[in-house]
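**Q** Below is the file final39.tsv, with TSV, C-alpha atoms and all ligand atoms.
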chain	number	residue	atom	x	y	z
A	1	MET	CA	-11.27	35.23	-12.12
A	2	SER	CA	-9.84	31.73	-12.11
A	3	VAL	CA	-6.41	30.89	-10.75
A	4	LEU	CA	-4.84	27.76	-12.18
A	5	HIS	CA	-2.50	25.49	-10.25
A	6	ARG	CA	-0.63	22.82	-12.18
A	7	ILE	CA	0.52	19.50	-10.69
A	8	GLN	CA	2.84	17.28	-12.68
A	9	ALA	CA	2.45	13.57	-12.13
A	10	ILE	CA	3.52	10.26	-13.62
A	11	ASP	CA	1.03	7.41	-13.52
A	12	SER	CA	2.09	3.79	-13.40
A	13	HIS	CA	0.66	0.46	-12.40
A	14	THR	CA	2.33	-2.30	-10.43
A	15	ALA	CA	0.83	-5.74	-10.99
A	16	GLY	CA	-2.39	-3.94	-12.00
A	17	GLU	CA	-2.58	-1.49	-9.06
A	18	PRO	CA	-2.19	2.17	-10.05
A	19	THR	CA	0.16	4.76	-8.54
A	20	ARG	CA	0.13	8.49	-9.35
A	21	LEU	CA	3.43	10.04	-8.35
A	22	VAL	CA	3.48	13.84	-8.02
A	23	ILE	CA	6.84	15.13	-9.23
A	24	ALA	CA	6.09	18.90	-9.18
A	25	GLY	CA	3.42	21.22	-7.79
A	26	ALA	CA	3.02	19.60	-4.36
A	27	PRO	CA	2.74	21.80	-1.25
A	28	GLU	CA	5.89	22.72	0.66
A	29	LEU	CA	5.83	20.72	3.89
A	30	GLY	CA	8.94	22.13	5.60
A	31	ASP	CA	11.45	19.90	7.32
A	32	GLY	CA	11.39	17.24	10.03
A	33	SER	CA	10.70	13.53	9.77
A	34	LEU	CA	8.45	12.26	7.02
A	35	ALA	CA	5.90	11.34	9.70
A	36	GLU	CA	5.85	15.00	10.81
A	37	ARG	CA	5.51	16.15	7.22
A	38	LEU	CA	2.70	13.66	6.64
A	39	ASP	CA	0.90	15.23	9.61
A	40	ARG	CA	1.31	18.68	8.03
A	41	LEU	CA	-0.01	17.38	4.72
A	42	ARG	CA	-3.01	15.86	6.53
A	43	THR	CA	-3.83	18.90	8.65
A	44	GLN	CA	-3.01	21.76	6.27
A	45	PHE	CA	-3.17	20.44	2.70
A	46	ASP	CA	-5.66	17.60	2.60
A	47	ASP	CA	-7.34	19.22	-0.44
A	48	PHE	CA	-4.14	18.49	-2.37
A	49	ARG	CA	-4.46	14.76	-1.59
A	50	SER	CA	-8.10	14.68	-2.57
A	51	ALA	CA	-7.54	16.73	-5.74
A	52	VAL	CA	-4.81	14.35	-6.94
A	53	VAL	CA	-6.46	10.98	-6.32
A	54	ASN	CA	-10.21	11.48	-6.13
A	55	GLU	CA	-12.69	11.96	-8.96
A	56	PRO	CA	-12.94	13.86	-11.28
A	57	ARG	CA	-9.15	13.62	-11.88
A	58	GLY	CA	-8.61	10.23	-10.27
A	59	SER	CA	-10.59	7.32	-8.85
A	60	ASP	CA	-10.98	5.35	-5.63
A	61	VAL	CA	-8.35	2.87	-6.77
A	62	ILE	CA	-5.44	5.26	-7.28
A	63	VAL	CA	-2.71	5.45	-4.68
A	64	GLY	CA	-0.99	8.83	-4.81
A	65	GLY	CA	2.53	9.66	-3.79
A	66	MET	CA	4.45	12.88	-3.42
A	67	LEU	CA	8.21	13.09	-3.65
A	68	CYS	CA	9.99	15.04	-0.95
A	69	GLU	CA	13.43	15.52	0.56
A	70	PRO	CA	14.48	12.59	2.74
A	71	GLN	CA	15.46	12.99	6.37
A	72	ASP	CA	17.29	9.66	6.75
A	73	PRO	CA	20.86	10.24	5.46
A	74	ARG	CA	20.90	6.85	3.68
A	75	CYS	CA	18.09	7.96	1.37
A	76	ASP	CA	18.18	9.68	-2.03
A	77	ILE	CA	14.53	10.65	-1.88
A	78	GLY	CA	11.45	10.56	0.34
A	79	VAL	CA	7.85	9.71	-0.48
A	80	ILE	CA	4.51	10.13	1.26
A	81	PHE	CA	1.68	7.90	0.00
A	82	PHE	CA	-2.02	8.68	0.16
A	83	ASN	CA	-5.33	7.34	-1.13
A	84	ASN	CA	-9.01	8.23	-1.58
A	85	VAL	CA	-9.60	8.60	2.16
A	86	GLY	CA	-6.27	9.40	3.80
A	87	TYR	CA	-2.61	8.46	4.15
A	88	LEU	CA	-0.51	5.28	4.12
A	89	GLY	CA	2.57	4.46	6.21
A	90	MET	CA	4.27	2.57	3.41
A	91	CYS	CA	3.08	1.19	0.13
A	92	GLY	CA	4.82	-1.76	-1.53
A	93	HIS	CA	3.26	-1.56	-4.98
A	94	GLY	CA	3.59	2.25	-4.80
A	95	THR	CA	7.32	2.06	-3.97
A	96	ILE	CA	7.88	-0.23	-6.96
A	97	GLY	CA	6.01	2.40	-9.00
A	98	VAL	CA	8.18	5.21	-7.57
A	99	VAL	CA	11.39	3.39	-8.55
A	100	ALA	CA	10.08	2.61	-12.05
A	101	THR	CA	9.05	6.28	-12.41
A	102	LEU	CA	12.46	7.59	-11.29
A	103	ALA	CA	14.06	5.24	-13.82
A	104	TRP	CA	11.62	6.44	-16.52
A	105	LEU	CA	12.65	10.02	-15.74
A	106	GLY	CA	16.33	9.04	-16.02
A	107	LYS	CA	16.96	10.01	-12.39
A	108	ILE	CA	18.24	6.59	-11.29
A	109	GLN	CA	20.11	3.65	-12.82
A	110	PRO	CA	19.98	-0.04	-11.88
A	111	GLY	CA	21.34	-0.57	-8.38
A	112	GLU	CA	20.36	0.16	-4.77
A	113	HIS	CA	18.35	3.26	-3.82
A	114	TRP	CA	17.09	4.02	-0.33
A	115	ILE	CA	13.74	5.78	0.00
A	116	ASP	CA	12.49	7.53	3.16
A	117	THR	CA	8.86	7.01	4.22
A	118	PRO	CA	6.77	8.08	7.22
A	119	VAL	CA	7.32	4.65	8.82
A	120	GLY	CA	11.05	4.35	8.09
A	121	ALA	CA	13.58	4.03	5.30
A	122	VAL	CA	13.24	1.19	2.79
A	123	LYS	CA	15.92	-0.20	0.52
A	124	THR	CA	14.97	-0.63	-3.11
A	125	THR	CA	16.88	-2.36	-5.88
A	126	LEU	CA	16.25	-1.55	-9.51
A	127	HIS	CA	17.31	-4.64	-11.46
A	128	PRO	CA	18.71	-4.38	-15.02
A	129	SER	CA	15.52	-6.17	-16.22
A	130	GLY	CA	13.37	-3.31	-14.84
A	131	ALA	CA	12.03	-5.42	-11.96
A	132	VAL	CA	12.18	-3.74	-8.55
A	133	THR	CA	12.83	-5.26	-5.12
A	134	VAL	CA	11.67	-3.39	-2.03
A	135	THR	CA	13.16	-4.38	1.32
A	136	ASN	CA	10.47	-3.18	3.66
A	137	VAL	CA	10.47	-1.85	7.20
A	138	ARG	CA	10.57	-4.38	10.04
A	139	SER	CA	7.36	-6.40	9.95
A	140	TYR	CA	5.80	-8.47	12.70
A	141	ARG	CA	2.72	-10.26	13.98
A	142	ALA	CA	1.19	-8.40	16.90
A	143	ALA	CA	-1.55	-10.92	17.76
A	144	GLN	CA	-2.50	-14.42	16.65
A	145	HIS	CA	-5.93	-16.05	16.20
A	146	VAL	CA	-7.99	-13.00	17.18
A	147	PRO	CA	-11.70	-13.87	17.00
A	148	ILE	CA	-14.28	-11.25	16.06
A	149	GLU	CA	-18.05	-11.42	15.67
A	150	VAL	CA	-18.83	-10.20	12.14
A	151	PRO	CA	-22.53	-9.39	11.69
A	152	GLY	CA	-23.99	-11.58	8.95
A	153	TYR	CA	-20.97	-13.91	8.91
A	154	GLY	CA	-20.46	-15.11	12.49
A	155	ILE	CA	-17.11	-15.58	14.19
A	156	VAL	CA	-14.08	-14.86	12.00
A	157	THR	CA	-10.56	-15.48	13.26
A	158	GLY	CA	-7.48	-13.66	12.02
A	159	ASP	CA	-3.98	-12.48	12.86
A	160	ILE	CA	-3.05	-8.83	13.35
A	161	ALA	CA	0.24	-7.89	11.73
A	162	TRP	CA	2.29	-4.85	10.72
A	163	GLY	CA	3.92	-4.71	7.28
A	164	GLY	CA	4.20	-0.92	6.99
A	165	ASN	CA	0.40	-0.68	7.41
A	166	TRP	CA	-1.87	-2.60	9.82
A	167	PHE	CA	-3.50	-5.79	8.53
A	168	TYR	CA	-6.03	-8.32	9.77
A	169	LEU	CA	-5.23	-11.59	7.97
A	170	VAL	CA	-7.83	-14.32	7.57
A	171	ASP	CA	-7.13	-17.85	6.30
A	172	HIS	CA	-10.47	-19.53	7.00
A	173	HIS	CA	-13.67	-18.26	5.34
A	174	ASN	CA	-16.19	-19.31	2.70
A	175	GLN	CA	-15.31	-16.75	0.05
A	176	GLN	CA	-14.22	-17.45	-3.51
A	177	LEU	CA	-11.17	-15.42	-4.46
A	178	ASP	CA	-11.80	-14.49	-8.07
A	179	LEU	CA	-12.83	-11.37	-9.97
A	180	GLN	CA	-16.41	-12.60	-10.41
A	181	HIS	CA	-16.84	-12.39	-6.63
A	182	VAL	CA	-15.30	-8.98	-6.01
A	183	GLU	CA	-18.60	-7.57	-4.74
A	184	SER	CA	-19.10	-10.25	-2.09
A	185	LEU	CA	-15.40	-10.18	-1.21
A	186	THR	CA	-15.68	-6.43	-0.66
A	187	GLU	CA	-18.82	-6.84	1.48
A	188	PHE	CA	-17.20	-9.55	3.60
A	189	THR	CA	-13.92	-7.72	4.18
A	190	TRP	CA	-15.69	-4.40	4.80
A	191	ALA	CA	-17.87	-6.12	7.41
A	192	ILE	CA	-14.66	-7.39	9.08
A	193	ARG	CA	-13.15	-3.90	8.96
A	194	GLN	CA	-16.25	-2.40	10.63
A	195	ALA	CA	-16.40	-5.19	13.22
A	196	LEU	CA	-12.76	-4.59	14.20
A	197	GLU	CA	-13.49	-0.92	14.64
A	198	SER	CA	-16.73	-1.33	16.56
A	199	GLN	CA	-15.15	-3.97	18.84
A	200	GLY	CA	-12.15	-1.71	19.50
A	201	ILE	CA	-9.61	-4.14	18.07
A	202	CYS	CA	-6.52	-2.22	16.98
A	203	GLY	CA	-2.90	-2.50	16.05
A	204	ASP	CA	-0.16	-1.34	18.43
A	205	ASP	CA	-0.63	2.09	20.07
A	206	GLY	CA	-4.36	1.97	19.27
A	207	LYS	CA	-3.67	2.27	15.52
A	208	ILE	CA	-6.65	1.48	13.34
A	209	ILE	CA	-6.43	-1.76	11.34
A	210	ASP	CA	-7.38	-0.40	7.94
A	211	HIS	CA	-6.31	-3.24	5.61
A	212	ILE	CA	-8.11	-6.59	5.56
A	213	GLU	CA	-6.41	-9.50	3.79
A	214	ILE	CA	-7.92	-12.89	3.12
A	215	PHE	CA	-6.22	-15.92	1.60
A	216	ALA	CA	-6.97	-18.97	-0.53
A	217	PRO	CA	-4.92	-21.51	-2.50
A	218	PRO	CA	-3.32	-20.00	-5.63
A	219	VAL	CA	-4.62	-20.48	-9.16
A	220	SER	CA	-1.15	-20.38	-10.72
A	221	PRO	CA	1.25	-23.26	-10.07
A	222	GLN	CA	3.92	-20.51	-9.87
A	223	ALA	CA	2.38	-19.10	-6.65
A	224	ASP	CA	2.12	-20.24	-3.03
A	225	SER	CA	-1.08	-18.40	-2.09
A	226	ARG	CA	-3.72	-16.04	-3.47
A	227	ASN	CA	-5.01	-13.01	-1.59
A	228	PHE	CA	-7.71	-10.37	-1.69
A	229	VAL	CA	-6.85	-7.13	0.10
A	230	LEU	CA	-9.36	-4.46	1.02
A	231	CYS	CA	-7.76	-1.03	1.26
A	232	PRO	CA	-8.81	1.72	3.73
A	233	GLY	CA	-11.18	3.52	1.34
A	234	LYS	CA	-13.06	0.30	0.35
A	235	ALA	CA	-11.22	-0.18	-2.95
A	236	TYR	CA	-9.53	-3.56	-3.35
A	237	ASP	CA	-5.86	-3.87	-4.18
A	238	ARG	CA	-5.42	-5.04	-7.76
A	239	SER	CA	-1.88	-6.18	-6.89
A	240	PRO	CA	-0.90	-8.79	-4.27
A	241	CYS	CA	-0.19	-5.81	-1.95
A	242	GLY	CA	3.42	-5.28	-0.91
A	243	THR	CA	2.76	-4.36	2.70
A	244	GLY	CA	0.13	-7.14	2.92
A	245	THR	CA	2.61	-9.69	1.56
A	246	SER	CA	5.12	-8.40	4.13
A	247	ALA	CA	2.60	-8.86	6.96
A	248	LYS	CA	1.79	-12.36	5.67
A	249	MET	CA	5.47	-13.37	5.56
A	250	ALA	CA	5.98	-12.07	9.12
A	251	CYS	CA	3.09	-14.33	10.24
A	252	LEU	CA	4.47	-17.32	8.32
A	253	TYR	CA	7.86	-16.79	9.97
A	254	ALA	CA	6.23	-16.56	13.41
A	255	ASP	CA	4.46	-19.88	12.66
A	256	GLY	CA	7.74	-21.54	11.62
A	257	LYS	CA	6.40	-21.88	8.04
A	258	LEU	CA	8.85	-19.57	6.25
A	259	SER	CA	12.63	-19.53	6.70
A	260	PRO	CA	14.95	-16.62	5.94
A	261	GLY	CA	15.73	-16.56	2.21
A	262	GLU	CA	12.94	-18.99	1.28
A	263	LEU	CA	10.79	-17.79	-1.63
A	264	TRP	CA	7.12	-16.83	-1.01
A	265	ARG	CA	5.11	-16.10	-4.15
A	266	GLN	CA	1.95	-14.15	-3.40
A	267	GLU	CA	-0.71	-14.07	-6.11
A	268	GLY	CA	-3.24	-11.23	-6.08
A	269	ILE	CA	-6.84	-11.24	-7.23
A	270	LEU	CA	-5.84	-10.46	-10.85
A	271	GLY	CA	-3.38	-13.35	-10.89
A	272	SER	CA	-0.31	-11.09	-10.80
A	273	ILE	CA	2.46	-12.23	-8.45
A	274	PHE	CA	4.94	-10.61	-6.05
A	275	GLN	CA	7.99	-12.72	-5.19
A	276	GLY	CA	8.83	-12.35	-1.53
A	277	CYS	CA	11.35	-13.51	1.03
A	278	ILE	CA	12.49	-12.41	4.48
A	279	GLU	CA	15.73	-11.53	6.20
A	280	VAL	CA	16.01	-11.85	9.97
A	281	ARG	CA	18.43	-9.43	11.63
A	282	ASP	CA	18.61	-7.67	15.00
A	283	ASP	CA	15.77	-10.00	16.07
A	284	GLY	CA	13.46	-8.48	13.47
A	285	VAL	CA	11.89	-9.72	10.23
A	286	TYR	CA	12.58	-7.59	7.15
A	287	PRO	CA	10.52	-8.72	4.15
A	288	SER	CA	11.45	-8.07	0.53
A	289	ILE	CA	9.04	-8.11	-2.35
A	290	THR	CA	9.85	-8.01	-6.05
A	291	GLY	CA	7.56	-6.91	-8.87
A	292	ASN	CA	7.30	-4.82	-12.01
A	293	ALA	CA	5.67	-1.47	-12.68
A	294	TYR	CA	4.76	0.07	-16.03
A	295	ILE	CA	4.34	3.76	-16.83
A	296	THR	CA	0.83	4.58	-18.07
A	297	ALA	CA	0.79	8.40	-18.34
A	298	GLU	CA	2.77	11.60	-17.99
A	299	THR	CA	0.21	14.13	-16.96
A	300	THR	CA	-0.41	17.68	-15.78
A	301	LEU	CA	-3.37	18.00	-13.44
A	302	ILE	CA	-5.09	21.39	-13.58
A	303	LEU	CA	-6.68	22.82	-10.43
A	304	ASP	CA	-8.95	25.68	-11.44
A	305	SER	CA	-9.97	27.82	-8.44
A	306	THR	CA	-13.44	28.38	-9.97
A	307	ASP	CA	-14.09	24.64	-10.35
A	308	PRO	CA	-16.62	23.56	-7.68
A	309	PHE	CA	-14.83	20.19	-7.55
A	310	VAL	CA	-11.32	21.62	-7.53
A	311	ALA	CA	-10.47	19.59	-4.40
A	312	GLY	CA	-11.92	16.36	-5.78
A	313	ILE	CA	-15.05	14.56	-4.70
A	314	ARG	CA	-14.76	13.18	-1.18
A	315	THR	CA	-17.03	10.23	-0.43
B	1	LIG	O1	1.24	-2.56	-2.06
B	1	LIG	O2	1.52	-2.07	0.05
B	1	LIG	C1	0.87	-2.05	-0.97
B	1	LIG	C2	-0.44	-1.39	-0.95
B	1	LIG	C3	-1.09	-0.84	0.13
B	1	LIG	C4	-2.30	-0.32	-0.35
B	1	LIG	C5	-2.37	-0.57	-1.70
B	1	LIG	N1	-1.23	-1.22	-2.05
Please, can you express the file's structure as structure tokens?
**A**
Amino acid sequence: MSVLHRIQAIDSHTAGEPTRLVIAGAPELGDGSLAERLDRLRTQFDDFRSAVVNEPRGSDVIVGGMLCEPQDPRCDIGVIFFNNVGYLGMCGHGTIGVVATLAWLGKIQPGEHWIDTPVGAVKTTLHPSGAVTVTNVRSYRAAQHVPIEVPGYGIVTGDIAWGGNWFYLVDHHNQQLDLQHVESLTEFTWAIRQALESQGICGDDGKIIDHIEIFAPPVSPQADSRNFVLCPGKAYDRSPCGTGTSAKMACLYADGKLSPGELWRQEGILGSIFQGCIEVRDDGVYPSITGNAYITAETTLILDSTDPFVAGIRT
């Protein structure tokens, strides 16, 4: 006999990158910090993650989120983000999607709203126009000009930076950053990702560097730079990547190339743009990114206990 479990979700996209926000039907994770609850989700309910974002209900590109009670008293709500292979600390495009979804549901009005995440609270601002600004967690460059030997490509040099996730950022390469070259961009950045891992190059506390970001001059005269970002599960970010733009701005600040309050316009591989800037306080860099999200579906996912792929297809 089949048992059906229903999960209610709202789908949106931010600058082309999809977010599926679970608003009902998620597992109960108990209390504690969001990092502790993320650990419980990972160790006890990973099938939930996979069922929500992986095929046959989702795809490799979808970033999922589940709403939960915040722990930080400044916050109205908490969110844990996940993807086709695991979990994210923060997600910039996803947070813009969360705010747009809460507005769509009539749960928030224009103004400031703090959101708790496993890596700290972030301040969001819903503007009357519908645009959303996310003021991210403290971001910083952990290492500069780190050379790695990338099989098939030779020596590649990049910076290691934290923007809510760990990034390896590469300015110099021979790649063309356009949609026609997505396959070779994916091969190149995946080779970097594997080289970092096999050479034991990590973020702080031995954390895996699971986002690779490469840069080129922008196509639009409205932008300062174009990027291509490879996400942990080998899908590329369709948006300019909020945490990646944060990591980039932290590096620019460290190089003396970006001042507090100065605008940084990051173009992604689709040509969509996040507007960014930084604040410097308590000796730390706090990046903000602004973008728009659009609702694409209100959906009920059905998990049928007799379905052989009830927990999604893990690759
Ligand atoms: O916008 O921060 C972001 C993000 C991370 C992974 C996909 N998007």
**Q** Step by step, measure atom-to-atom distances between ligand LIG 1 (chain B) and each residue using only C-alpha atoms and all ligand atoms, keep those at most 8 Å, then write them as number ranges by chain.
**A** A: 17, 63, 88, 90-95, 164-165, 211, 231-232, 236-237, 239-245
**Q** Give me the box for region 291-308 of chain A as JSON, namely the centre and edge lengths in Å to one decimal of a box along x, y and z that holds every listed atom plus 8 Å on each side.
**A**
{"center_x": -4.5, "center_y": 10.7, "center_z": -13.0, "size_x": 40.2, "size_y": 51.3, "size_z": 26.7}
**Q** Given all atoms listed in the file, how would the per-residue table for region 203-272 of chain A near region 195-198 of chain A read, listing every residue at most 12 Å away with its closest atom pair and distance in Å to one decimal, sorted by chain and number, as a Markdown table?
**A**
| residue | atom | partner | partner_atom | distance |
| --- | --- | --- | --- | --- |
| A:Gly203 | CA | A:Leu196 | CA | 10.2 |
| A:Gly206 | CA | A:Glu197 | CA | 10.6 |
| A:Lys207 | CA | A:Glu197 | CA | 10.4 |
| A:Ile208 | CA | A:Glu197 | CA | 7.4 |
| A:Ile209 | CA | A:Leu196 | CA | 7.5 |
| A:Asp210 | CA | A:Glu197 | CA | 9.1 |
| A:His211 | CA | A:Leu196 | CA | 10.8 |
| A:Ile212 | CA | A:Leu196 | CA | 10.0 |
**Q** Give me the residues near region 292-301 of chain A as a list in words, where near means some atom within 7 Å (using all atoms listed in the file) and where sequence neighbours in that chain fewer than 5 positions away do not count.
**A**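 The neighbour list is Arg6, Ile7, Gln8, Ala9, Ile10, Asp11, Ser12, His13, Thr14, Ala15, Ile96, Gly97, Ala100, Thr101, Gly130, Ala131 and Val132 of chain A.
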**Q** CA of Arg193 (chain A) and CA of Val156 (chain A), how far apart in Å?
**A**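 For CA of Val156 (chain A) relative to CA of Arg193 (chain A), the distance reads 11.4 Å.
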**Q** What separation in Å, quoted to one decimal, exists between CA of Asp72 (chain A) and CA of Arg40 (chain A)?
**A**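 These atoms are spaced 18.4 Å apart.
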**Q** Ranking A:Ser129, A:Ser272, A:Thr315, A:Gln222 by minimum distance to Arg238 (chain A) and counting only C-alpha atoms, which one comes first?
**A**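 Under the stated criterion, the closest residue is A:Ser272.
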**Q** Report the distance between CA of Thr135 (chain A) and CA of Tyr286 (chain A) in Å, rounded to one decimal place.
**A**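 Going from CA of Thr135 (chain A) over to CA of Tyr286 (chain A) covers 6.7 Å.
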**Q** Can you pull out the residues contacting Glu279 (chain A)? Cut-off 7 Å, using only C-alpha atoms, and skip same-chain residues under 2 positions away; I want them as a list in words.
**A**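 After dropping sequence-adjacent residues, the list is Pro260, Gly261, Arg281, Val285, Tyr286 and Pro287 of chain A.
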